[in-house]
Structures are given as C-alpha cells and as structure tokens.
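*Asks:* So here's my_file_33.cif (mmCIF, C-alpha atoms).
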data_model
#
loop_
_atom_site.label_atom_id
_atom_site.label_comp_id
_atom_site.auth_asym_id
_atom_site.auth_seq_id
_atom_site.Cartn_x
_atom_site.Cartn_y
_atom_site.Cartn_z
CA MET U 16 4.32 26.55 19.03
CA ASN U 17 2.06 26.00 16.05
CA ALA U 18 4.91 24.69 13.93
CA LYS U 19 5.64 22.13 16.66
CA LYS U 20 2.00 21.00 16.76
CA TYR U 21 1.82 20.62 12.98
CA GLY U 22 5.14 18.82 13.02
CA LYS U 23 3.75 16.33 15.52
CA ILE U 24 0.61 15.74 13.40
CA ALA U 25 2.79 15.15 10.35
CA TYR U 26 5.21 12.83 12.21
CA ASP U 27 2.29 10.83 13.64
CA GLY U 28 0.75 10.36 10.20
CA LEU U 29 4.03 9.50 8.50
CA ILE U 30 5.79 7.27 11.04
CA THR U 31 4.14 6.69 14.43
CA ASN U 32 0.74 5.77 13.00
CA ASN U 33 1.85 4.78 9.53
CA ALA U 34 -1.36 3.45 7.99
CA THR U 35 0.23 0.62 6.03
CA PHE U 36 3.00 -0.63 8.32
CA LYS U 37 1.76 0.23 11.83
CA LEU U 38 -2.04 0.17 11.69
CA VAL U 39 -2.25 -2.30 8.77
CA LEU U 40 -5.26 -0.58 7.20
CA GLY U 41 -6.20 -0.42 3.55
CA THR U 42 -4.45 -3.71 2.92
CA CYS U 43 -6.38 -4.66 -0.22
CA ALA U 44 -5.06 -1.72 -2.21
CA THR U 45 -1.55 -2.24 -0.84
CA LEU U 46 -1.41 -5.87 -1.89
CA GLY U 47 -3.26 -5.48 -5.17
CA MET U 48 -1.52 -2.39 -6.52
CA SER U 49 2.09 -3.06 -5.48
CA THR U 50 3.05 -5.11 -8.55
CA SER U 51 5.22 -2.24 -9.79
CA ALA U 52 6.69 0.89 -8.25
CA VAL U 53 4.85 3.22 -10.63
CA ASN U 54 1.48 1.59 -9.92
CA SER U 55 1.90 1.74 -6.18
CA PHE U 56 3.12 5.34 -6.32
CA GLY U 57 0.05 6.30 -8.39
CA MET U 58 -2.27 4.48 -6.00
CA GLY U 59 -0.65 6.17 -3.00
CA LEU U 60 -1.04 9.62 -4.51
CA SER U 61 -4.68 8.93 -5.47
CA VAL U 62 -5.46 7.93 -1.90
CA THR U 63 -3.61 11.04 -0.65
CA VAL U 64 -5.74 13.32 -2.84
CA VAL U 65 -8.99 11.71 -1.69
CA LEU U 66 -7.81 11.78 1.92
CA LEU U 67 -6.90 15.48 1.76
CA LEU U 68 -10.19 16.52 0.10
CA SER U 69 -12.43 14.38 2.29
CA ASN U 70 -10.60 15.45 5.47
CA VAL U 71 -10.99 19.15 4.57
CA ILE U 72 -14.68 18.84 3.67
CA ILE U 73 -15.57 16.73 6.69
CA SER U 74 -13.68 19.10 8.95
CA LEU U 75 -15.57 22.07 7.47
CA LEU U 76 -18.89 20.30 7.99
CA ARG U 77 -18.07 18.79 11.39
CA LYS U 78 -20.44 21.10 13.30
CA ILE U 79 -23.28 20.66 10.78
CA ILE U 80 -23.38 16.87 10.33
CA PRO U 81 -25.61 15.33 13.05
CA ASN U 82 -23.83 12.76 15.16
CA THR U 83 -26.30 9.93 14.47
CA VAL U 84 -25.90 9.95 10.66
CA ARG U 85 -22.24 10.87 10.53
CA ILE U 86 -20.93 7.60 9.06
CA PRO U 87 -23.30 7.60 6.03
CA ALA U 88 -22.53 11.30 5.53
CA TYR U 89 -18.78 10.60 5.52
CA ILE U 90 -19.21 7.73 3.09
CA VAL U 91 -21.19 9.91 0.68
CA ILE U 92 -18.51 12.63 0.80
CA ILE U 93 -15.73 10.09 0.22
CA ALA U 94 -17.66 8.38 -2.60
CA THR U 95 -18.15 11.76 -4.30
CA MET U 96 -14.43 12.51 -4.09
CA VAL U 97 -13.57 9.11 -5.55
CA THR U 98 -16.05 9.62 -8.39
CA LEU U 99 -14.40 12.97 -9.20
CA LEU U 100 -10.92 11.45 -9.02
CA ARG U 101 -12.02 8.66 -11.32
CA MET U 102 -13.26 11.13 -13.94
CA VAL U 103 -10.02 13.16 -13.76
CA LEU U 104 -7.81 10.06 -14.04
CA GLU U 105 -9.83 8.63 -16.93
CA LYS U 106 -9.38 11.89 -18.85
CA TYR U 107 -5.79 12.84 -18.05
CA ILE U 108 -3.88 9.70 -16.93
CA PRO U 109 -5.59 6.81 -18.78
CA ASP U 110 -2.59 4.49 -18.22
CA LEU U 111 -2.93 4.68 -14.45
CA TYR U 112 -6.73 4.46 -14.76
CA ASP U 113 -6.43 1.19 -16.67
CA SER U 114 -3.86 -0.38 -14.36
CA MET U 115 -5.86 0.48 -11.23
CA GLY U 116 -8.96 -1.31 -12.50
CA VAL U 117 -11.35 -2.30 -9.74
CA PHE U 118 -9.10 -0.85 -7.02
CA LEU U 119 -9.98 2.72 -8.04
CA PRO U 120 -13.67 2.55 -7.00
CA LEU U 121 -12.54 0.51 -3.98
CA ILE U 122 -10.77 3.58 -2.56
CA VAL U 123 -14.24 4.36 -1.15
CA VAL U 124 -14.05 1.43 1.25
CA ASN U 125 -10.38 1.98 2.09
CA CYS U 126 -10.45 1.94 5.89
CA VAL U 127 -7.68 4.55 6.14
CA ILE U 128 -9.90 7.31 4.73
CA LEU U 129 -12.95 6.57 6.85
CA GLY U 130 -10.65 6.00 9.81
CA ARG U 131 -9.04 9.46 9.53
CA ALA U 132 -12.45 11.07 8.96
CA GLU U 133 -13.84 9.50 12.13
CA ALA U 134 -10.72 9.77 14.32
CA PHE U 135 -9.33 13.14 13.25
CA ALA U 136 -11.25 15.33 10.78
CA SER U 137 -14.52 15.13 12.72
CA LYS U 138 -12.89 16.68 15.80
CA ASN U 139 -10.21 19.07 14.53
CA PRO U 140 -10.01 22.38 12.63
CA VAL U 141 -9.54 22.55 8.88
CA LEU U 142 -5.79 23.22 8.66
CA ASP U 143 -4.94 20.44 11.14
CA SER U 144 -7.13 18.01 9.21
CA ALA U 145 -5.54 18.98 5.91
CA ILE U 146 -2.05 18.37 7.32
CA ASP U 147 -3.18 15.10 8.85
CA GLY U 148 -4.66 14.01 5.51
CA VAL U 149 -1.50 14.82 3.57
CA ALA U 150 0.80 13.24 6.18
CA THR U 151 -1.23 10.03 6.43
CA GLY U 152 -1.47 9.88 2.65
CA LEU U 153 2.24 10.39 2.15
CA GLY U 154 3.02 7.79 4.81
CA LEU U 155 0.86 5.36 2.86
CA THR U 156 2.44 6.37 -0.46
CA PHE U 157 5.91 5.88 1.00
CA ALA U 158 5.03 2.42 2.33
CA LEU U 159 3.31 1.35 -0.88
CA THR U 160 6.20 2.56 -3.03
CA ILE U 161 8.72 0.62 -0.93
CA ILE U 162 6.71 -2.58 -1.36
CA GLY U 163 6.29 -1.79 -5.06
CA ILE U 164 10.02 -1.22 -5.58
CA ILE U 165 10.94 -4.48 -3.82
CA ARG U 166 8.38 -6.53 -5.75
CA GLU U 167 9.22 -4.95 -9.09
CA PHE U 168 12.97 -5.37 -8.61
CA LEU U 169 12.83 -9.01 -7.47
CA GLY U 170 10.00 -9.92 -9.82
CA SER U 171 11.31 -8.45 -13.06
CA GLY U 172 14.71 -6.89 -12.33
CA SER U 173 13.56 -3.35 -13.08
CA PHE U 174 13.34 -0.11 -11.10
CA PHE U 175 10.43 2.24 -11.91
CA GLY U 176 10.12 0.58 -15.30
CA MET U 177 13.85 0.77 -16.17
CA GLN U 178 15.56 -2.58 -16.68
CA VAL U 179 18.44 -2.74 -14.18
CA MET U 180 19.30 -6.42 -13.93
CA ASP U 181 18.53 -9.39 -16.05
CA PHE U 182 16.60 -11.77 -13.85
CA ARG U 183 13.03 -12.46 -12.82
CA ILE U 184 11.60 -14.37 -9.86
CA GLY U 185 7.98 -15.10 -10.72
CA PHE U 186 7.08 -15.62 -7.05
CA PHE U 187 7.26 -11.89 -6.33
CA THR U 188 4.96 -10.78 -9.13
CA ASN U 189 2.11 -13.11 -8.18
CA SER U 190 -0.14 -12.90 -5.14
CA ALA U 191 1.98 -15.04 -2.78
CA GLY U 192 4.91 -12.65 -3.17
CA ALA U 193 2.69 -9.71 -2.27
CA PHE U 194 1.73 -11.23 1.08
CA PHE U 195 5.30 -12.31 1.76
CA VAL U 196 6.94 -8.93 1.00
CA TYR U 197 4.24 -7.04 2.92
CA GLY U 198 4.68 -9.25 5.99
CA ILE U 199 8.48 -8.89 5.99
CA CYS U 200 8.20 -5.11 5.47
CA ILE U 201 5.88 -4.74 8.49
CA ALA U 202 8.28 -6.75 10.65
CA LEU U 203 11.28 -4.64 9.56
CA PHE U 204 9.42 -1.37 10.06
CA VAL U 205 8.34 -2.35 13.59
CA LEU U 206 11.89 -3.47 14.37
CA ILE U 207 13.54 -0.28 13.06
CA THR U 208 11.09 2.20 14.62
CA GLY U 209 11.33 0.21 17.88
CA GLN U 210 15.13 0.55 17.90
CA VAL U 211 15.02 4.26 17.03
CA ASP U 212 12.47 4.84 19.75
CA LYS U 213 14.53 2.94 22.31
CA ALA U 214 17.67 4.89 21.42
CA ARG U 215 15.83 8.20 21.68
CA ARG U 216 14.31 7.28 25.02
CA ALA U 217 17.71 6.23 26.39
CA LYS U 218 19.23 9.54 25.26
CA HIS U 219 16.36 11.45 26.82
CA ALA U 220 16.72 9.55 30.09
CA ARG U 221 20.48 10.18 30.21
CA ALA U 222 19.98 13.90 29.58
CA LEU U 223 17.48 14.07 32.43
CA ARG U 224 19.49 11.98 34.89
CA VAL U 225 22.38 14.46 35.02
CA PRO U 226 20.58 17.42 36.66
CA SER U 227 18.52 15.49 39.20
CA HIS U 228 18.27 11.86 40.27
CA GLU U 229 14.69 12.03 41.49
CA GLU U 230 13.29 13.14 38.15
CA PRO U 231 10.92 10.44 36.85
CA LEU U 232 11.67 9.13 33.40
CA PRO U 233 9.75 10.92 30.67
CA ALA U 234 6.78 9.01 29.35
CA PRO U 235 7.63 7.58 25.95
CA ASP U 236 5.27 8.01 23.05
CA GLU U 237 2.44 5.79 24.22
CA THR U 238 1.23 4.18 21.00
CA THR U 239 4.72 3.36 19.78
CA ALA U 240 5.82 1.86 23.05
CA GLU U 241 2.77 -0.38 23.14
CA GLU U 242 3.16 -1.48 19.54
CA VAL U 243 6.78 -2.42 20.07
CA LYS U 244 6.07 -4.54 23.11
CA MET I 30 -23.85 -24.54 -20.69
CA ALA I 31 -22.60 -27.07 -18.13
CA THR I 32 -18.99 -26.21 -18.98
CA THR I 33 -19.70 -22.52 -18.57
CA ILE I 34 -21.19 -23.08 -15.12
CA LEU I 35 -18.31 -25.33 -14.09
CA LEU I 36 -15.77 -22.75 -15.27
CA ILE I 37 -17.52 -20.00 -13.31
CA VAL I 38 -17.53 -22.15 -10.16
CA VAL I 39 -13.86 -23.21 -10.38
CA SER I 40 -12.71 -19.74 -11.33
CA ALA I 41 -14.59 -17.90 -8.57
CA VAL I 42 -13.85 -20.41 -5.80
CA PHE I 43 -10.26 -21.43 -6.58
CA SER I 44 -8.25 -19.94 -9.41
CA GLN I 45 -9.47 -16.37 -8.93
CA ASN I 46 -10.07 -16.66 -5.19
CA PHE I 47 -11.22 -13.29 -3.89
CA ILE I 48 -8.88 -13.10 -0.91
CA LEU I 49 -5.77 -14.95 -1.97
CA VAL I 50 -5.58 -14.08 -5.65
CA LYS I 51 -7.61 -10.90 -6.16
CA PHE I 52 -6.78 -9.30 -2.77
CA LEU I 53 -10.35 -8.25 -2.00
CA GLY I 54 -11.61 -8.44 1.57
CA ILE I 55 -8.23 -8.63 3.27
CA CYS I 56 -9.39 -6.67 6.34
CA PRO I 57 -11.74 -9.39 7.70
CA PHE I 58 -9.25 -12.02 6.51
CA LEU I 59 -6.65 -10.59 8.89
CA GLY I 60 -9.02 -9.32 11.57
CA VAL I 61 -11.63 -12.03 12.11
CA SER I 62 -9.64 -15.18 11.36
CA LYS I 63 -8.31 -15.98 14.84
CA LYS I 64 -10.81 -18.83 15.36
CA VAL I 65 -12.34 -21.23 12.85
CA ASN I 66 -15.87 -20.61 14.17
CA SER I 67 -15.81 -16.84 13.86
CA ALA I 68 -14.10 -17.08 10.48
CA PHE I 69 -16.89 -19.35 9.25
CA SER I 70 -19.65 -17.04 10.54
CA MET I 71 -18.01 -14.05 8.88
CA GLY I 72 -17.66 -15.97 5.64
CA ILE I 73 -21.33 -16.93 5.60
CA ALA I 74 -22.40 -13.35 6.38
CA VAL I 75 -20.23 -12.01 3.54
CA THR I 76 -21.57 -14.61 1.10
CA LEU I 77 -25.15 -13.68 1.98
CA VAL I 78 -24.57 -9.96 1.51
CA MET I 79 -22.60 -10.53 -1.70
CA VAL I 80 -25.46 -12.43 -3.34
CA LEU I 81 -28.11 -9.96 -2.14
CA ALA I 82 -26.02 -6.95 -3.18
CA THR I 83 -25.50 -8.40 -6.66
CA LEU I 84 -29.22 -9.11 -6.88
CA VAL I 85 -29.88 -5.39 -6.40
CA THR I 86 -26.88 -3.65 -7.99
CA TRP I 87 -26.70 -5.61 -11.25
CA PRO I 88 -30.28 -4.86 -12.39
CA LEU I 89 -29.97 -1.34 -10.96
CA TYR I 90 -26.96 -0.66 -13.18
CA PHE I 91 -28.14 -2.26 -16.40
CA TYR I 92 -31.86 -1.54 -16.28
CA ILE I 93 -32.05 1.82 -14.50
CA MET I 94 -28.72 3.64 -14.53
CA ALA I 95 -27.60 2.71 -18.05
CA PRO I 96 -30.83 3.88 -19.79
CA LEU I 97 -30.71 7.14 -17.82
CA ASN I 98 -26.99 7.67 -18.63
CA ILE I 99 -26.00 8.07 -15.00
CA GLU I 100 -23.41 5.29 -14.90
CA TYR I 101 -20.85 7.64 -13.39
CA LEU I 102 -22.84 7.67 -10.14
CA GLU I 103 -22.35 3.93 -9.69
CA ILE I 104 -19.94 4.19 -6.73
CA ILE I 105 -22.30 6.36 -4.68
CA PHE I 106 -25.39 4.26 -5.56
CA PHE I 107 -23.69 0.94 -4.85
CA ILE I 108 -22.28 1.94 -1.50
CA PHE I 109 -25.74 3.15 -0.48
CA VAL I 110 -27.37 -0.09 -1.60
CA ILE I 111 -24.84 -2.16 0.32
CA ALA I 112 -25.12 -0.05 3.48
CA ALA I 113 -28.93 -0.19 3.40
CA LEU I 114 -28.91 -3.92 2.72
CA VAL I 115 -26.58 -4.65 5.61
CA GLN I 116 -28.66 -2.56 7.97
CA MET I 117 -31.87 -4.29 6.85
CA LEU I 118 -30.36 -7.75 7.09
CA GLU I 119 -29.17 -7.02 10.61
CA LYS I 120 -32.68 -6.04 11.70
CA ILE I 121 -34.29 -9.05 10.00
CA ILE I 122 -31.87 -11.57 11.47
CA ALA I 123 -32.23 -10.05 14.94
CA LYS I 124 -36.02 -10.40 14.70
CA LEU I 125 -36.17 -13.88 13.15
CA SER I 126 -33.40 -15.73 14.93
CA PRO I 127 -31.73 -14.23 17.99
CA ALA I 128 -29.35 -17.22 18.20
CA LEU I 129 -28.10 -16.67 14.66
CA TYR I 130 -27.87 -12.95 15.37
CA ARG I 131 -25.62 -13.56 18.35
CA SER I 132 -23.24 -15.70 16.32
CA MET I 133 -23.29 -13.70 13.08
CA GLY I 134 -24.83 -10.31 13.79
CA ILE I 135 -21.74 -8.68 15.24
CA TYR I 136 -19.94 -9.15 11.92
CA LEU I 137 -22.67 -7.55 9.83
CA PRO I 138 -21.88 -3.86 10.43
CA LEU I 139 -18.26 -4.54 9.47
CA ILE I 140 -19.38 -5.78 6.08
CA THR I 141 -20.43 -2.35 4.76
CA THR I 142 -16.80 -1.36 4.38
CA ASN I 143 -15.69 -4.75 3.08
CA CYS I 144 -14.03 -4.33 -0.30
CA ALA I 145 -15.10 -7.80 -1.41
CA ILE I 146 -18.78 -6.76 -1.60
CA LEU I 147 -18.24 -3.54 -3.55
CA GLY I 148 -15.56 -5.39 -5.51
CA VAL I 149 -17.91 -8.13 -6.70
CA ALA I 150 -20.58 -5.55 -7.61
CA GLU I 151 -18.04 -3.55 -9.66
CA LEU I 152 -16.38 -6.58 -11.29
CA LEU I 153 -19.68 -7.92 -12.59
CA LEU I 154 -20.42 -4.77 -14.60
CA VAL I 155 -19.30 -6.28 -17.90
CA ASN I 156 -21.24 -7.23 -21.01
CA ASP I 157 -19.24 -10.34 -21.77
CA LEU I 158 -18.65 -13.20 -19.34
CA SER I 159 -14.98 -13.49 -20.37
CA GLY I 160 -14.40 -10.11 -18.71
CA VAL I 161 -14.90 -11.67 -15.27
CA VAL I 162 -14.10 -15.36 -15.63
CA SER I 163 -10.63 -16.10 -16.94
CA GLY I 164 -10.18 -18.98 -19.35
CA ILE I 165 -13.67 -18.83 -20.85
CA GLU I 166 -14.21 -18.15 -24.55
CA ALA I 167 -15.49 -14.71 -25.49
CA GLY I 168 -19.01 -14.25 -26.77
CA ILE I 169 -21.15 -15.50 -23.88
CA SER I 170 -23.16 -12.50 -22.77
CA MET I 171 -23.53 -11.75 -19.10
CA ASN I 172 -26.92 -12.12 -17.43
CA LEU I 173 -28.34 -11.93 -13.93
CA GLY I 174 -28.17 -15.72 -13.43
CA PHE I 175 -24.44 -15.87 -14.16
CA ALA I 176 -23.86 -12.78 -12.04
CA LEU I 177 -25.62 -14.36 -9.06
CA LEU I 178 -23.77 -17.65 -9.52
CA TYR I 179 -20.46 -15.81 -9.66
CA ALA I 180 -21.30 -13.83 -6.52
CA LEU I 181 -22.30 -17.01 -4.66
CA CYS I 182 -19.12 -18.83 -5.68
CA ALA I 183 -16.96 -15.82 -4.83
CA GLY I 184 -18.56 -15.89 -1.38
CA ILE I 185 -17.85 -19.62 -1.04
CA GLY I 186 -14.23 -19.01 -2.05
CA PHE I 187 -14.04 -16.23 0.52
CA THR I 188 -15.43 -18.50 3.25
CA LEU I 189 -13.00 -21.27 2.27
CA ALA I 190 -9.97 -18.98 2.57
CA MET I 191 -11.26 -17.56 5.88
CA VAL I 192 -11.79 -21.02 7.43
CA LEU I 193 -8.40 -22.29 6.24
CA MET I 194 -6.71 -19.22 7.70
CA GLY I 195 -8.62 -19.69 10.96
CA GLY I 196 -7.28 -23.24 11.22
CA VAL I 197 -3.72 -22.15 10.47
CA ARG I 198 -3.85 -19.36 13.03
CA GLU I 199 -5.25 -21.60 15.77
CA LYS I 200 -2.18 -23.82 15.33
CA MET I 201 0.18 -20.88 14.90
CA GLU I 202 -0.75 -19.36 18.23
CA LYS I 203 1.12 -22.14 20.05
CA LEU I 204 4.36 -21.64 18.13
CA PRO I 205 7.26 -19.57 19.43
CA VAL I 206 7.56 -16.70 16.96
CA ALA I 207 10.25 -13.99 16.87
CA LYS I 208 9.04 -10.83 18.62
CA CYS I 209 9.01 -8.55 15.60
CA MET I 210 7.18 -11.18 13.52
CA LYS I 211 4.29 -11.61 16.00
CA GLY I 212 0.80 -10.66 14.84
CA PHE I 213 0.37 -9.31 11.33
CA PRO I 214 3.77 -10.20 9.81
CA ILE I 215 3.57 -13.92 10.56
CA THR I 216 -0.07 -14.00 9.44
CA MET I 217 0.95 -12.40 6.15
CA VAL I 218 3.71 -14.95 5.62
CA ALA I 219 1.28 -17.79 6.35
CA ALA I 220 -1.14 -16.23 3.86
CA ALA I 221 1.67 -16.15 1.30
CA PHE I 222 2.05 -19.92 1.52
CA MET I 223 -1.71 -20.38 1.18
CA ALA I 224 -1.69 -18.07 -1.85
CA MET I 225 1.00 -20.26 -3.41
CA ALA I 226 -1.31 -23.26 -3.08
CA PHE I 227 -4.17 -21.35 -4.74
CA TYR I 228 -1.85 -20.05 -7.47
CA VAL I 229 -1.46 -23.59 -8.72
CA PHE I 230 -5.18 -23.67 -9.66
CA SER I 231 -4.66 -20.82 -12.12
CA LEU I 232 -1.95 -22.82 -13.90
CA LEU I 233 -4.35 -25.65 -14.76
#
Please express what this file holds, its structure, as structure tokens.
*Replies:*
Amino acid sequence: MNAKKYGKIAYDGLITNNATFKLVLGTCATLGMSTSAVNSFGMGLSVTVVLLLSNVIISLLRKIIPNTVRIPAYIVIIATMVTLLRMVLEKYIPDLYDSMGVFLPLIVVNCVILGRAEAFASKNPVLDSAIDGVATGLGLTFALTIIGIIREFLGSGSFFGMQVMDFRIGFFTNSAGAFFVYGICIALFVLITGQVDKARRAKHARALRVPSHEEPLPAPDETTAEEVK
Amino acid sequence: MATTILLIVVSAVFSQNFILVKFLGICPFLGVSKKVNSAFSMGIAVTLVMVLATLVTWPLYFYIMAPLNIEYLEIIFFIFVIAALVQMLEKIIAKLSPALYRSMGIYLPLITTNCAILGVAELLLVNDLSGVVSGIEAGISMNLGFALLYALCAGIGFTLAMVLMGGVREKMEKLPVAKCMKGFPITMVAAAFMAMAFYVFSLL
C-alpha cells in the first residue's frame, strides 16, 4: 500500500508533473545552463539537493510556521540551503561553481522549489516530501540533461565532453538555439506522454469492458488528460 | 566617459538583453506576454523594482557587508531587500494612484521571485566595469552611478523584449498551430527567432 503511494508520488514528480516539460517552471536555469550536458546535469543535481533539503525542513516545520508569514519563511529556508550549497560547490567542485555563475544564487528564485514547498511539503509528512523532492528534482535533471545533450551534440559535435563527430552548428550553442530546442522538446514530451496515456487508457477500457458492459470508463489521470487536450 | 555610458546602454538594452541573451526573467516573459498592454505594465514594474533594488543592494554589499566580512550572506540579504521593497512599493502605489495600481499592482507580487531582479543585483557585484559590460576596456572601476544606469537599461531591455513578444503573440493567436505545439512550444520557437535578431547586436 505504502509502496504504491510512494510510487505514485515519484511518478507524478518524474513524468506527470515534470517541472521542466509539463509545468514549464524554472525556465531561466534550464535555458541558461543547458549549453553542455555536464553543465545541465550539474545544475539539475544542485536543484535536486536544494529541493530535497528544503522540502524536508519545511515539512518538519509545517506545523510551527504561521500561515500568514509562510512564504517569507520558505524563502529564508531555501536561501539558506542555496548559500550552503554554494559554499560546498566553491570548495569541492570549483569547475561547476565557475560555469554556473549567476545561476547558482538564482536557484533561490527557481519557481520549482518554492512551488513544491507551497504545494506539497507544507501539507505532507517528512518522508513523502523527501520522495517528492527527489522525484521532482530528478525529473528536472532528466529534462535538463536531455536538452543539454541535444544542444551540445548539435552545437559542437560532442557528447558529455567527448568529441564524437566533427561538425558544429553555432545556432545551437547561442541563446536562440536554447529557446528552439526547449520548445521542440516540450512539444515532443507532450506528444509522447499523450500517446502513452491514450494507449494505457484504451487498454484499461478494454479490460473493463469484458466483464460488464455497464461499467463506466475509469477516470484517466486528470492533470495529464487536461494537458494533452 | 560618453563612450562608456553609450557602451553600457547598448550592452544592457540590446547585445546582452536580459531575457533573450542572458535568460533572466523568463517566467514573466512566457506568462504575462499575451497582450502588449500587460507586457508593457509588467516591464515598467520590473524596471522600477530593478533600479530601486540596485539602489539598496549595491551600497549594502560594498559599504556594509564587505567591511563586516559577511559577503556570504548576500543571497539571504538581497532576497529580503527585494521582498520588502516590492511589498512597500505595492502599498505606496495603492495609496498614491489607485488607477496605476489597478493596471500595474497585480504584477508586483510576482516580481519578488523574478530572477531578473536578483540577477541584476548579483551581476553588479564586481569591482571592474568590464565584468558586467562586454566589449569595454578593463580598468574602469564600478560605482553606484554606473550600477544604477546598468539596472535602468537592463529594465528597458526587459520591457522591450516583453512588448515585442506581446505583439508577436497577439498575432500568433490567430494562426492555426499544430496541437502539440500550442502554448509554450510555439512561444519558445517564436522567442528563438527574436533571440536570433538580438544575437546580431553582439556581433557588432
């Protein structure tokens, strides 16, 4: 029972409510950091760490923080986590610290983190919030890395820094390419998840139709169905 | 002196445009750009908060936090300053001009979590002007005047991109677009073509 619930939280964070492709949140970091696969992977993991820590702390404090000042309280918690992350990265992974530049402090105003704090961690127990944080973070990392791989491959012919082919299309390394690749990726993701969802619903309906004809069709996953329409 | 100012203006408004080149403030760019009017109001509100935030955060960092060696707290301090400023501005505008508040006030709370504001405050924390403005010779030290000018021009660049996008989207609404491209994807692709136009400025 519990495993099923946690599985649903994880699936929601990774696919159904994928922060980058479905909700289109935290776009600045996605566009700015996806110049190479390594950069976008590092950015994704940094956001995941902050998301996990802030979700756990906010969930622990959810009965203590007064409702009227909850947003400033969340922002202070998130800002503290980002400050800690910044110190750790500066000391141990200076390469990533340098390449992230201004986008590292800007994790504070990444809407994904505040969004999860407000929508999930403030209402749910600690373990659920931790799983939600990790799932949402990994969904974001996955999306960012895909965009990073595409842009790095088309822009400089390499894959995670290794030279694979000998060509470069400058368009994909500059800002126009970022918007273009991101837009196409969202469209493909919506198309694919829509098809998968439709196939699953059809299978479900067929399985139900055999035992009884009066059985109403099962309600599809609401958010996904709406997004696809 | 005149060349320096001109370089700051051109760089902040066009060649290093906050939205289309630096990718800061994309959320309002995608969210509030359906109509030219609302895009313009949002742009003006952001410009106002940008300049005021720089006016507070720049001296705060260099004259208070740096002597006390608490630079590492900058993120927490800055976000507080911006949140307080936005809240104050909202109250002041509501009191002084209800008409302006109705057209602009609804966008103000959104600005607290706008990366462009925190971004401009963080970017300006350099000792040399060449750290912010590309194509300028090194050796010109940063001061509050340049910082404010840069913030103002960044805001103007932001407003320009918002208004252009608003115009494009008003036209785009009437076009038949493939189902999976509706909404965000087609907006992103349109933004890509605008970014190409702005990219040309950085080649000059």
*Asks:* As an exercise, work out the distance from atom CA of Tyr101 of chain I to atom CA of Val124 of chain U in Å and give it to one decimal place.
*Replies:*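 It comes out at 17.3 Å.
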*Asks:* Would you translate the PyMOL selection byres ((chain U) within 7 of (chain I)) into the concrete set of residues it matches in this file, as a count of residues only?
*Replies:* 23
*Asks:* Would you pick out the contacts of segment 68-82 of chain I at 6 Å or less, using all atoms listed in the file, so that residues sharing its chain but fewer than 5 positions from it are not included, and give the list as a list in words?
*Replies:* Val61, Ser62, Met133, Ile146, Ala180, Leu181, Gly184, Thr188, Met191 and Val192 of chain I
*Asks:* Using all atoms listed in the file, find all polymer residues with an atom at most 8 Å away from the point (-29.0, -6.2, 13.4); report them as an MDAnalysis selection string.
*Replies:* chainID I and resid 116:123 130 134:135 137
*Asks:* Write a file of the just-selected residues containing C-alpha atoms, as a compact mmCIF listing (two decimals), in the coordinates of the input.
*Replies:*
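Listed below is the output, selection.txt:
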# COMPACT_ATOMS: atom_id res chain seq x y z
CA GLN I 116 -28.66 -2.56 7.97
CA MET I 117 -31.87 -4.29 6.85
CA LEU I 118 -30.36 -7.75 7.09
CA GLU I 119 -29.17 -7.02 10.61
CA LYS I 120 -32.68 -6.04 11.70
CA ILE I 121 -34.29 -9.05 10.00
CA ILE I 122 -31.87 -11.57 11.47
CA ALA I 123 -32.23 -10.05 14.94
CA TYR I 130 -27.87 -12.95 15.37
CA GLY I 134 -24.83 -10.31 13.79
CA ILE I 135 -21.74 -8.68 15.24
CA LEU I 137 -22.67 -7.55 9.83
*Asks:* What's the separation between atom CA of Val71 of chain U and atom CA of Val141 of chain U, in Å to one decimal place?
*Replies:* 5.7 Å
*Asks:* What's the 12 Å shell around Leu35 of chain I, counting all atoms listed in the file, without same-chain residues fewer than 4 positions away, as an MDAnalysis selection string?
*Replies:* chainID I and resid 30:31 39:43 162 164:165 175 178:179 182
*Asks:* Can I get the selection written as a compact mmCIF listing (two decimals), keeping the file's coordinate frame, with C-alpha atoms?
*Replies:*
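Just written: selection18.txt:
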# COMPACT_ATOMS: atom_id res chain seq x y z
CA MET I 30 -23.85 -24.54 -20.69
CA ALA I 31 -22.60 -27.07 -18.13
CA VAL I 39 -13.86 -23.21 -10.38
CA SER I 40 -12.71 -19.74 -11.33
CA ALA I 41 -14.59 -17.90 -8.57
CA VAL I 42 -13.85 -20.41 -5.80
CA PHE I 43 -10.26 -21.43 -6.58
CA VAL I 162 -14.10 -15.36 -15.63
CA GLY I 164 -10.18 -18.98 -19.35
CA ILE I 165 -13.67 -18.83 -20.85
CA PHE I 175 -24.44 -15.87 -14.16
CA LEU I 178 -23.77 -17.65 -9.52
CA TYR I 179 -20.46 -15.81 -9.66
CA CYS I 182 -19.12 -18.83 -5.68
*Asks:* Identify, on the basis of all atoms listed in the file, every residue whose closest approach to Thr156 of chain U does not exceed 7 Å; exclude the query and any residue fewer than 2 positions from it along the same chain; express the result as a list of chain:residue names.
*Replies:*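 Contacts, in chain order: U:Phe56, U:Gly59, U:Leu60, U:Gly152, U:Leu153, U:Gly154, U:Ala158, U:Leu159, U:Thr160.
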*Asks:* Emit the selected residues as a compact mmCIF listing (two decimals), in the coordinates of the input, including C-alpha atoms.
*Replies:*
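Once everything was written out, this is out.txt:
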# COMPACT_ATOMS: atom_id res chain seq x y z
CA PHE U 56 3.12 5.34 -6.32
CA GLY U 59 -0.65 6.17 -3.00
CA LEU U 60 -1.04 9.62 -4.51
CA GLY U 152 -1.47 9.88 2.65
CA LEU U 153 2.24 10.39 2.15
CA GLY U 154 3.02 7.79 4.81
CA ALA U 158 5.03 2.42 2.33
CA LEU U 159 3.31 1.35 -0.88
CA THR U 160 6.20 2.56 -3.03
*Asks:* Name the residues that the PyMOL selection byres ((chain U and resi 65) around 9) picks from the file above, as a compact mmCIF listing (two decimals) with C-alpha atoms, in the frame of the given file, using the file's chain letters and numbers.
*Replies:*
# COMPACT_ATOMS: atom_id res chain seq x y z
CA LEU U 60 -1.04 9.62 -4.51
CA SER U 61 -4.68 8.93 -5.47
CA VAL U 62 -5.46 7.93 -1.90
CA THR U 63 -3.61 11.04 -0.65
CA VAL U 64 -5.74 13.32 -2.84
CA LEU U 66 -7.81 11.78 1.92
CA LEU U 67 -6.90 15.48 1.76
CA LEU U 68 -10.19 16.52 0.10
CA SER U 69 -12.43 14.38 2.29
CA ASN U 70 -10.60 15.45 5.47
CA ILE U 93 -15.73 10.09 0.22
CA MET U 96 -14.43 12.51 -4.09
CA VAL U 97 -13.57 9.11 -5.55
CA LEU U 100 -10.92 11.45 -9.02
CA ILE U 122 -10.77 3.58 -2.56
CA ILE U 128 -9.90 7.31 4.73
CA GLY U 148 -4.66 14.01 5.51
CA GLY U 152 -1.47 9.88 2.65
*Asks:* Report, in Å with one decimal, the straight-line distance from atom CA of Asp27 of chain U to atom CA of Cys200 of chain U.
*Replies:* 18.9 Å
*Asks:* As a check of understanding, name the residues that the PyMOL selection byres ((chain U and resi 181) around 6) selects in the supplied structure, as a VMD selection string.
*Replies:* chain U and resid 172 180 182
